[in-house]
Structure formats: structure tokens, C-alpha cells
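Below: one structure, written as C-alpha cells.
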Amino acid sequence: MRFGGTYRELMAGAALAACLAAPAAQAQQLAQADVQQLTLEQLANVEITSVSKSPQSLSTAAAAAYVITHDDVIRSGATSVPEILRLAPNLEVMQSSPSAYQIAARGFNGNSAAQNFPNKLLVLIDGRSVYTPLFSGVYWDMQNVLPEDVDRIEVVSGPGGTLWGANAVNGVINIITRKASDTPGGSVTVGAGDQYSSAALQYGGSFAENLDYRVYFKDFYQRAFNGAGGTNAHDGWSAPQGGFRLDWTAGQDAVTLQGDVYGGAEGQFGLPNQLIGGANMTVHWQHPLDEDSSLQVLGYYDETRRTVVNGGGFTLHTWDLEVQHNFKLGSWNSIVWGVGDRIYQYNIADRAAPDTSLLWKPGRRTLNLANVFAEDSIPLGDALQLTMGLKLENDPYSGISPMPSGRLSWQVAPDHMVWGAISRAVRSPTPFDTDVVEKLGTVTFLTGDRNFLPEQVTAYELGYRGQIFNRVSLSISAFENVYENLKDIEPTPVTFTPLRWANTLEGNVHGVEVWASFQATDWWRLSAGVNVQHMDLNFTSGASKLLGTTQAGDDPHHQASLRSSMNILDGVTFDADFRYVGTLPDPRVPEYVELNSRLGWKISDTLSLSLSGFNLLHGHHQEYPGADQIRRSVYLETRLRF
Amino acid sequence: MRILLAGAVLGWLAVFVPARADTALEYAVKAAYLPKFVPFITWPDAAFASPTQPVTICVLGNDPFGAKLEESASAARSGERAIAVRRLTAPDPNAVCQLLFLSGDAAIAEGTLDAMKGKPVVTVTDSGLKAHGVISFLIEANHVRFDIDDAAAAQDGLVISSKLLGLAHAVKQRGQP
């Protein structure tokens, strides 16, 4: 039984679990001797805070947080956000076509045959939430950032519901771009390869003292892969994008205004191109009130459009406003609290055809998602830190959901921290869960459920992070996630069809994530990551068990990565990233090992050259059931600064 | 809800527990900064007994650095001079210090700053202190930055190079009130 066909065009994609490679978090390494090597300019750029919305060192954050640094991004040679995310050892990244990826943390990478898509991550680009409210997944083909403008990407596996809120069920991916003042001057980047070619232009400068800007434009073309059957899938794509960023500091106040506009066309076998497009604008204002307190305001507008075939497609407008206040109460309580409101307005055009139809009842809605949260960090003596928080989120379908969390960190010794956390998060119902009607000919074979419940997780986590033997940084995180009301498919009694979405799946997922980095010499660093997880799902009593428990996700039991980063000569770097992904159980996809590698040469301050190879070990390999065969590729890039 | 209740009880208990020192990375960065300031500062000749006498960084009272400051100081030099580190348990007007880091107790910091006025000593105040020395650390958007009071430096007979002034978050210019 394959339901995927109808939905596939709209949901753009399927792909699989992979991901590896792993330098340990920059902050952890910097906590040690490395800091001393930095220049005054570099010291000013060391991030001493993190994941948590309130100032806190990453090395003391009680969460499984991995940071992909700017250097990691550049040295990976990756040209897209999903490929960059392969550097995080706590993510599953699976490519299913040139433009489509499935990305998950701690399982639930989806199962396209059951129309289940990865939908449990919160993804932010400079504070702007980019998961789509239509089904809680991410259209990765619409999230483009110039790799050289990425400051860092914080990847937190585990719930972030309390602070970050909506949809941070299994993880948060927080993409932070560089300030305009960090990217002065112009650059022209031109690259060509057997699969991918691109050109990018960027220029930055100052309008006045304390008022910096940059503008950029990029276009690329990526060739089609072969489909699962080995014939050309005709799914090559391009997506030109331009944008700007303006950073203004006035006294203690900092204001950032940024925006992007993009379009794109993606090939589809035997069908007209799928068209994507969008625009967004974000304003962020930081205002210190006094030494110990500050106010932050974030607002954005985001528009996304996709068209498919037979008139299907959607337009989505998002308006968001968030206010956050940090302050100290007494000398020990560090409190951060805030309120936020997001309005979604969408208009979905039905895809109606004689054979299969995808209808939405209703096809247009305006949804309001509101939240209020507070978190308090309290030191308990010299070495213990307790952080407690609560978020109340009011979603349009299920009302108010409380998302509490408690985190405790224990600095056992200066370089050794043990942490634990208990937290709860929910995935709110979406139009795809409640409003969808799918037809085969004239027969309604699947409908949404107006009474669909939020999917819930209660997560128990325990971790260690520290520095051993002076040159090795290590992070170990263990988790036990208890899920309730997971989405599955139930038949109608007697008549069988229409099938409908239900919440009759539940169970536990437990696992361990380990990553380490070893500075072998001052010019050679080795990083490794391993994660193992076991999914133990079952149906609630009375469930039909129609599609089995793997409809929730076809996840590998384990994956691993090994990364070598060498500074060979002055200005010459060589990086190699091995990744291993275990077998996907059902539908089965064989395990694989692949290698990405990059040789970078900074010829002068103005000219640099790099040669990258991706998926070098095999002519092609598959990462997700029914997905394209990912081809070996090479790419040569040159960058001229002026 | 049980978690929430348990959390609330713990939180209530927690307010009776004293505060603790802050994070390791922040002070590792500050420890790296201090010796790196030195080459950009010119002291009057009278501040030193000889041309090769080390520049001494003093830490008064509460020491947030541990061994990190010695490590970063030993790796730095300023011309002919090495950089030494000295800890002071109490304010001592006769101690030989070219750079004096003040952290912790606000009253002691203010008193010390008053006592150091007009002396060729670069006072460096920690972030969070209300009183500001010639150089004052601050935390801005998760980064450790510093302000420079070049007017105070001028009164103390110190010359701070324009390069360091250029790297400061904010500078109070010479001659400014």
C-alpha cells in the first residue's frame, strides 16, 4: 500500500538518516588553553553563551548541545544547510533528491509510504522559525544561507519546548549568521563541479559608524540524480536568492534588520517543474536596561509559496512578535521570561485529478499561536546550578499545553560537568493532521481528524561534558524519551476507508550520543561521533496496528562519524569526513559508509581556492526508502575578495 | 505537573542558598585578555625600577582565574619586559602593580579605584561592577568586550595605543569630563 504518491509533490520529498562528523563544541575547547592563542580581535568574538536564551556558557548548559562553528562550515565544503548539518553528530540527515532532505534528531525521520514526515524539530534562522505550520516539517529546499555568512549552528538534541517553544520536541537547530560588521568588503565566489555549479556575490560596508550592512546574491544549478530504479529522475533544481543585513548599534542598543528573497524551480519526472518562492524580513532589537537586565524584541514576516501540478500548491504568510526580558532577582536568580505571538495565514490550492486528489477542508485559515514562558537559573552552592522553566503554549487546535522543564548541572571539577534534565514538549496538531482529504478516484481514502491530539514527549536526560587528558573534549548524553499520542493511521470500522489520522501509537525511545574531539597536534584535529538508539513503540489498546510501528520513523539503530582536520601548510587545509549510517529497518535501506573531503588553499588575502569531493567511496548510494541514488561528486570553488 | 511542583519546591529552597562564581569560559577569556593589553600601554618611566623589570598584573581579593592567568601571562611579553602575576589579599597602596584587576566586592573595588587615582596603574574592573577602572570588562551579546576610560588613563600618566582604543567597545576620550 503506498499513499505517498498523492502527497509527495506537496511535501517535497523524502530522504534518509545519516549524518556524522564531529568536532566538539567550540566553546568547550575554548574553555581551555586555546583561548590563550587568540588575538585581541578573536577574543572579542568568543561566544560565551549559548543554547539557553539567557547568558550562560555552552560548557555549562545542561543539554546535549553541539556547535557547528564557522570554520567547520567552511572546511566541510558543504554548499547547503542540510549538508552542513551532516557535521552535527546528534542529527540524522538523509538526502532523497537533489533538493529534498529528511532531518531528525533522536529518531522519527518519517516514513513516506505512511505519509509520515519528520516533524519534531524546531529550526531557527536568526530567530525566525522556519518549520512549516502546515505539517510541522521543514522544507529544506527553501532554507538557504551563504555558508560563508554562517557564524555558527547550535544543534540541541532533546526537547527545547520550555524556552524555544513550538515544535522543539526532539531538538532545536539554531542557525546564526554573522553580523554585517564581521563580513566587510566584497567577494565573488564561483564554483563548478560535475553535479553542482554556483555563483555568489556579496558586498558589505558601513553607511556610518555603528551602521553596517551587507547585501548578497547567489544562484546555483544542481543536476538531477538517478531515481531508485536507476534511471534519470529529472529532478535537478536551482534556487536564486538575494538578501541583506543591516546592523546598527546606538549606545548600548543593538538593532538588526535582515531579509531574503528567493525563487526556484525543481524538476519532477514527467511533470512540469515545481516552483518555490518566498521572502522574509526580520527585525531584532536588544536593549540593555541596566547591568543585570535586558530586553529583546524580535519580529518577522515570512512568506512562502510552492506550486505543484494540477493547480496544487500553497501560499503561507507568517507574522511573529516576541518579547523577552532577562533580569536578576536578588543576587542568585537569573530569570528570563517572555511572551510571543505568531499568526499564520495560509491558502492551499487543492490538487484535484481524476486518479488521486489532495484536498484541504478548509483550504484557507488564519491560525494564532501564542506563548508565555519563564525560566529561572539558580546556583545551589559552588558547583550546582538548577534551571527550571515553564512555557504555556496556546495552539489553535488543542488549546493550552504546559511545557515544564527542570535541568541540573554539576560542575564536578573545573573541566568536568555532569548534567541531568527532565522536560516535556508537544507537537501541536497541524492542518495536515486535521483538515486533509485524500481521494483515489471518487473514493475518499484518507481524512484528517478534527480531534487529533498533540503528540507529547517526556524526556529524561543524563549527560557528561568535559575535557580529559588536556587534549580531548568529550560529550556523552543518554536519553529516555517517553512518547504519548503519536500519529498513526487507523481504518474506519467495517468500511475500512476512509482511513484517518489517529493518536494510537506510543512508546519509548532510548539512546546514547557520544562525541569527542582530539587535538593531536597544533595542526591536526580528529573528531568522532557515535549514536545508538533503540525505538520501542507499541499501539494503545484497541488500535488496528494497520501499518506497524515503523510508520513513525524508519531510523537507523546507530550511526558514526570520524573527521580529520589538518592545517598542512600555511594557508592550506585538508579535511576528511567519514560517516557511517546503519541499516534502515523497514522499508529496508542498507547501511553505508561515505566520505566527504576538501582541500582548501588560501593563496593570498584576496584569493582562495578549494576542491571538494562528496560521497567519494561509491558511484552512488541510497539514503532513504524509495529515494534517489546519491551520486559521487566533485566541486571546485574559487573566491575573490575585494 | 508533578515535575512542575517538584521544581517549584526546589526553587523555593534554592533562594536560601548563596550565589556562586560564574562560568569558566568567561574568565578564561578575561585571563587571556589581561596580558594582551600590556603591549598596547605605555607607562611613565617612573612606574618601573629598571628597563627590564616585569610588568606586574595584580589580582585583588577574589581570584576568578586560577592558574589560567599565569598560563597566559607566561606566554606574553612586552618588549624587554616579561609579565608577572601577583595576588593581593587586601588593598595595598605600596604593592608594585602596573595593572590591577578588581573583581568581587563592589565597596573594595570603589575604594581601591579612588586610592589609585593619579597613580600609573591600569585599573581593570570586572564586568558586573558598577564602578569602572581605566579598562572595564563588559558582557555584550554573549561576548566579553571592554570599555576604555582614556580620560582617566591620561590623568594617571598612561598612554594607550590607538589600536587598543580601536578594539574597545566604547572609549571615553581624553579631555572628556
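Just so we're on the same page: first chain in the C-alpha cells is A, next is B, and so on; residues restart at 1 for each chain, and ligands are numbered from 1 in the order they show up.
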
Selection: 7 Å around range 533-535 of chain A, only C-alpha atoms, excl. self and same-chain fewer than 6 positions, as a ChimeraX atom specification: /A:508-512,557-558

All strand (DSSP E or B) residues (DSSP, backbone) inside range 144-393 of chain A, as a ChimeraX atom specification: /A:150-157,171-177,185-193,196-208,211-222,226,232,237-238,241-250,253-268,271-290,293-307,313-329,333-349,351,356-360,364-380,384-393

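Closest to chain A among B:Glu26, B:Asp126, B:Asp149, B:Asp92 is B:Glu26, based on only C-alpha atoms.
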
Picked from range 4-175 of chain B by DSSP as helix (DSSP H, G or I), as a VMD selection string: chain B and resid 4 to 14 24 to 40 45 to 47 68 to 74 106 to 116 150 to 155 162 to 167

Could you save the residues just selected, with C-alpha atoms, as a PDB file, in the first residue's frame?
```
ATOM      1  CA  LEU B   4       6.476  21.334  37.874  1.00  0.00           C
ATOM      2  CA  LEU B   5       5.547  21.047  41.532  1.00  0.00           C
ATOM      3  CA  ALA B   6       8.829  19.382  42.397  1.00  0.00           C
ATOM      4  CA  GLY B   7      10.611  22.154  40.532  1.00  0.00           C
ATOM      5  CA  ALA B   8       8.724  24.842  42.404  1.00  0.00           C
ATOM      6  CA  VAL B   9       9.674  23.316  45.739  1.00  0.00           C
ATOM      7  CA  LEU B  10      13.322  23.067  44.739  1.00  0.00           C
ATOM      8  CA  GLY B  11      13.245  26.633  43.517  1.00  0.00           C
ATOM      9  CA  TRP B  12      11.841  27.874  46.774  1.00  0.00           C
ATOM     10  CA  LEU B  13      14.596  26.080  48.663  1.00  0.00           C
ATOM     11  CA  ALA B  14      17.184  27.452  46.303  1.00  0.00           C
ATOM     12  CA  ALA B  24      34.922  29.061  33.407  1.00  0.00           C
ATOM     13  CA  LEU B  25      34.993  30.172  29.786  1.00  0.00           C
ATOM     14  CA  GLU B  26      34.182  33.772  30.550  1.00  0.00           C
ATOM     15  CA  TYR B  27      37.180  34.011  32.901  1.00  0.00           C
ATOM     16  CA  ALA B  28      39.417  32.059  30.566  1.00  0.00           C
ATOM     17  CA  VAL B  29      38.724  34.771  28.003  1.00  0.00           C
ATOM     18  CA  LYS B  30      39.344  37.541  30.529  1.00  0.00           C
ATOM     19  CA  ALA B  31      42.559  35.844  31.656  1.00  0.00           C
ATOM     20  CA  ALA B  32      43.674  35.781  28.028  1.00  0.00           C
ATOM     21  CA  TYR B  33      42.844  39.453  27.588  1.00  0.00           C
ATOM     22  CA  LEU B  34      44.816  40.879  30.508  1.00  0.00           C
ATOM     23  CA  PRO B  35      48.398  40.131  29.392  1.00  0.00           C
ATOM     24  CA  LYS B  36      47.446  41.056  25.813  1.00  0.00           C
ATOM     25  CA  PHE B  37      46.530  44.578  26.892  1.00  0.00           C
ATOM     26  CA  VAL B  38      50.039  45.185  28.188  1.00  0.00           C
ATOM     27  CA  PRO B  39      51.965  45.744  24.908  1.00  0.00           C
ATOM     28  CA  PHE B  40      49.497  48.477  23.951  1.00  0.00           C
ATOM     29  CA  ASP B  45      59.303  55.573  33.225  1.00  0.00           C
ATOM     30  CA  ALA B  46      58.806  56.166  36.948  1.00  0.00           C
ATOM     31  CA  ALA B  47      56.441  53.227  37.093  1.00  0.00           C
ATOM     32  CA  LYS B  68      44.775  30.437  33.734  1.00  0.00           C
ATOM     33  CA  LEU B  69      46.170  33.909  34.280  1.00  0.00           C
ATOM     34  CA  GLU B  70      49.685  32.626  34.997  1.00  0.00           C
ATOM     35  CA  GLU B  71      49.497  30.485  31.866  1.00  0.00           C
ATOM     36  CA  SER B  72      48.511  33.318  29.592  1.00  0.00           C
ATOM     37  CA  ALA B  73      50.934  35.776  31.279  1.00  0.00           C
ATOM     38  CA  SER B  74      53.877  33.417  30.870  1.00  0.00           C
ATOM     39  CA  ALA B 106      31.961  46.444  44.980  1.00  0.00           C
ATOM     40  CA  ALA B 107      32.909  48.528  48.023  1.00  0.00           C
ATOM     41  CA  ILE B 108      36.544  47.362  47.976  1.00  0.00           C
ATOM     42  CA  ALA B 109      36.692  47.980  44.233  1.00  0.00           C
ATOM     43  CA  GLU B 110      35.413  51.532  44.593  1.00  0.00           C
ATOM     44  CA  GLY B 111      37.748  52.300  47.467  1.00  0.00           C
ATOM     45  CA  THR B 112      40.705  50.895  45.539  1.00  0.00           C
ATOM     46  CA  LEU B 113      39.841  52.854  42.412  1.00  0.00           C
ATOM     47  CA  ASP B 114      39.771  56.049  44.482  1.00  0.00           C
ATOM     48  CA  ALA B 115      43.124  55.201  46.038  1.00  0.00           C
ATOM     49  CA  MET B 116      44.674  54.504  42.623  1.00  0.00           C
ATOM     50  CA  ASP B 150      41.180  57.176  28.200  1.00  0.00           C
ATOM     51  CA  ALA B 151      40.450  60.345  30.158  1.00  0.00           C
ATOM     52  CA  ALA B 152      41.294  58.533  33.398  1.00  0.00           C
ATOM     53  CA  ALA B 153      44.352  56.982  31.721  1.00  0.00           C
ATOM     54  CA  ALA B 154      45.587  60.473  30.825  1.00  0.00           C
ATOM     55  CA  GLN B 155      45.207  61.615  34.433  1.00  0.00           C
ATOM     56  CA  SER B 162      45.096  53.765  19.276  1.00  0.00           C
ATOM     57  CA  LYS B 163      44.982  50.134  18.215  1.00  0.00           C
ATOM     58  CA  LEU B 164      43.705  49.040  21.616  1.00  0.00           C
ATOM     59  CA  LEU B 165      41.329  52.002  21.724  1.00  0.00           C
ATOM     60  CA  GLY B 166      40.043  50.873  18.346  1.00  0.00           C
ATOM     61  CA  LEU B 167      39.252  47.435  19.686  1.00  0.00           C
TER      62      LEU B 167
END
```

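Pairwise distance (CA of Pro272 in chain A, CA of Asp355 in chain A) equals 17.7 Å.
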
Among the residues B:Gly66, B:Pro91, B:Ile41, B:Leu158, the one that comes closest to chain A [using only C-alpha atoms]: B:Gly66

Selection near Gly157 in chain B, 10 Å with only C-alpha atoms, sequence-local residues under 5 positions removed, as JSON, numbers by chain: {"B": [42, 43, 44, 47, 118, 119, 120, 121, 122, 152]}

Could those selected residues go to a file with C-alpha atoms, as a PDB file, in the first residue's frame?
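Saved result, result.pdb, follows:
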```pdb
ATOM      1  CA  THR B  42      52.884  52.869  27.808  1.00  0.00           C
ATOM      2  CA  TRP B  43      53.621  53.566  31.459  1.00  0.00           C
ATOM      3  CA  PRO B  44      55.660  56.556  32.618  1.00  0.00           C
ATOM      4  CA  ALA B  47      56.441  53.227  37.093  1.00  0.00           C
ATOM      5  CA  GLY B 118      46.635  59.656  39.701  1.00  0.00           C
ATOM      6  CA  LYS B 119      48.921  56.611  40.044  1.00  0.00           C
ATOM      7  CA  PRO B 120      50.412  54.970  36.949  1.00  0.00           C
ATOM      8  CA  VAL B 121      48.363  51.821  37.417  1.00  0.00           C
ATOM      9  CA  VAL B 122      45.944  50.491  34.820  1.00  0.00           C
ATOM     10  CA  ALA B 152      41.294  58.533  33.398  1.00  0.00           C
TER      11      ALA B 152
END
```

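With CA of Thr573 in chain A on one side and CA of Gly600 in chain A on the other, the separation reads 5.0 Å.
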
Residues within 8 Å of range 50-53 of chain B, only C-alpha atoms, excluding chain neighbours under 5 positions, as a PyMOL selection string: chain B and resi 80-82

Kindly export the residues of the current selection with N, CA and C atoms, as a short mmCIF file (atom, residue, chain, number, x, y, z; two decimals), in the first residue's frame.
```cif
data_model
loop_
_atom_site.label_atom_id
_atom_site.label_comp_id
_atom_site.auth_asym_id
_atom_site.auth_seq_id
_atom_site.Cartn_x
_atom_site.Cartn_y
_atom_site.Cartn_z
N GLU B 80 61.03 44.42 26.25
CA GLU B 80 62.05 43.79 27.08
C GLU B 80 61.46 43.14 28.32
N ARG B 81 60.23 43.47 28.60
CA ARG B 81 59.67 43.08 29.90
C ARG B 81 58.84 41.79 29.82
N ALA B 82 59.07 40.93 30.80
CA ALA B 82 58.19 39.77 30.96
C ALA B 82 56.93 40.25 31.70
#
```

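Nearest to chain A of all the residues B:Ser103, B:Ala76, B:Ile135, B:Ile83 is B:Ala76, counting only C-alpha atoms.
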
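If you count only C-alpha atoms and ignore residues fewer than 4 places along the chain from Val124 in chain B, what sits within 7 Å of it is Leu100, Phe101, Leu102, Gly133, Val134, Ile135 and Ser136 of chain B.
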
With C-alpha atoms retained, write the just-selected residues as an mmCIF file, in the first residue's frame.
```cif
data_model
loop_
_atom_site.group_PDB
_atom_site.id
_atom_site.type_symbol
_atom_site.label_atom_id
_atom_site.label_comp_id
_atom_site.auth_asym_id
_atom_site.auth_seq_id
_atom_site.Cartn_x
_atom_site.Cartn_y
_atom_site.Cartn_z
ATOM 1 C CA LEU B 100 45.346 45.871 38.776
ATOM 2 C CA PHE B 101 42.316 43.619 38.256
ATOM 3 C CA LEU B 102 39.339 44.227 40.544
ATOM 4 C CA GLY B 133 38.510 51.415 36.044
ATOM 5 C CA VAL B 134 40.702 52.589 33.183
ATOM 6 C CA ILE B 135 39.637 49.403 31.437
ATOM 7 C CA SER B 136 36.311 47.802 32.319
#
```

Surrounding residues of His169 in chain B excluding itself and chain neighbours under 5 positions, 8 Å, only C-alpha atoms, as number ranges by chain: B: 145-148

Grab the residues selected above and save them as an mmCIF file, in the first residue's frame with C-alpha atoms.
```
data_model
loop_
_atom_site.group_PDB
_atom_site.id
_atom_site.type_symbol
_atom_site.label_atom_id
_atom_site.label_comp_id
_atom_site.auth_asym_id
_atom_site.auth_seq_id
_atom_site.Cartn_x
_atom_site.Cartn_y
_atom_site.Cartn_z
ATOM 1 C CA ARG B 145 34.257 43.177 25.499
ATOM 2 C CA PHE B 146 35.959 46.095 27.251
ATOM 3 C CA ASP B 147 35.489 49.830 27.579
ATOM 4 C CA ILE B 148 38.428 52.197 27.984
#
```

Nearest to chain B by atom-to-atom distance, counting only C-alpha atoms, from A:Ile176, A:Met388, A:Leu640, A:Leu163: A:Met388

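Look at Asp71 in chain A: the protein and nucleic acid residues within 12 Å of it, using only C-alpha atoms and passing over chain neighbours fewer than 4 places away, are Pro23, Ala25, Gln26, Val67, Arg75, Ser76, Gly77, Ala78, Ile84, Leu87, Pro147, Glu148, Asp149, Val150, Asp151, Arg152, Ile153, Ser565, Thr573, Asp575 and Gly600 of chain A.
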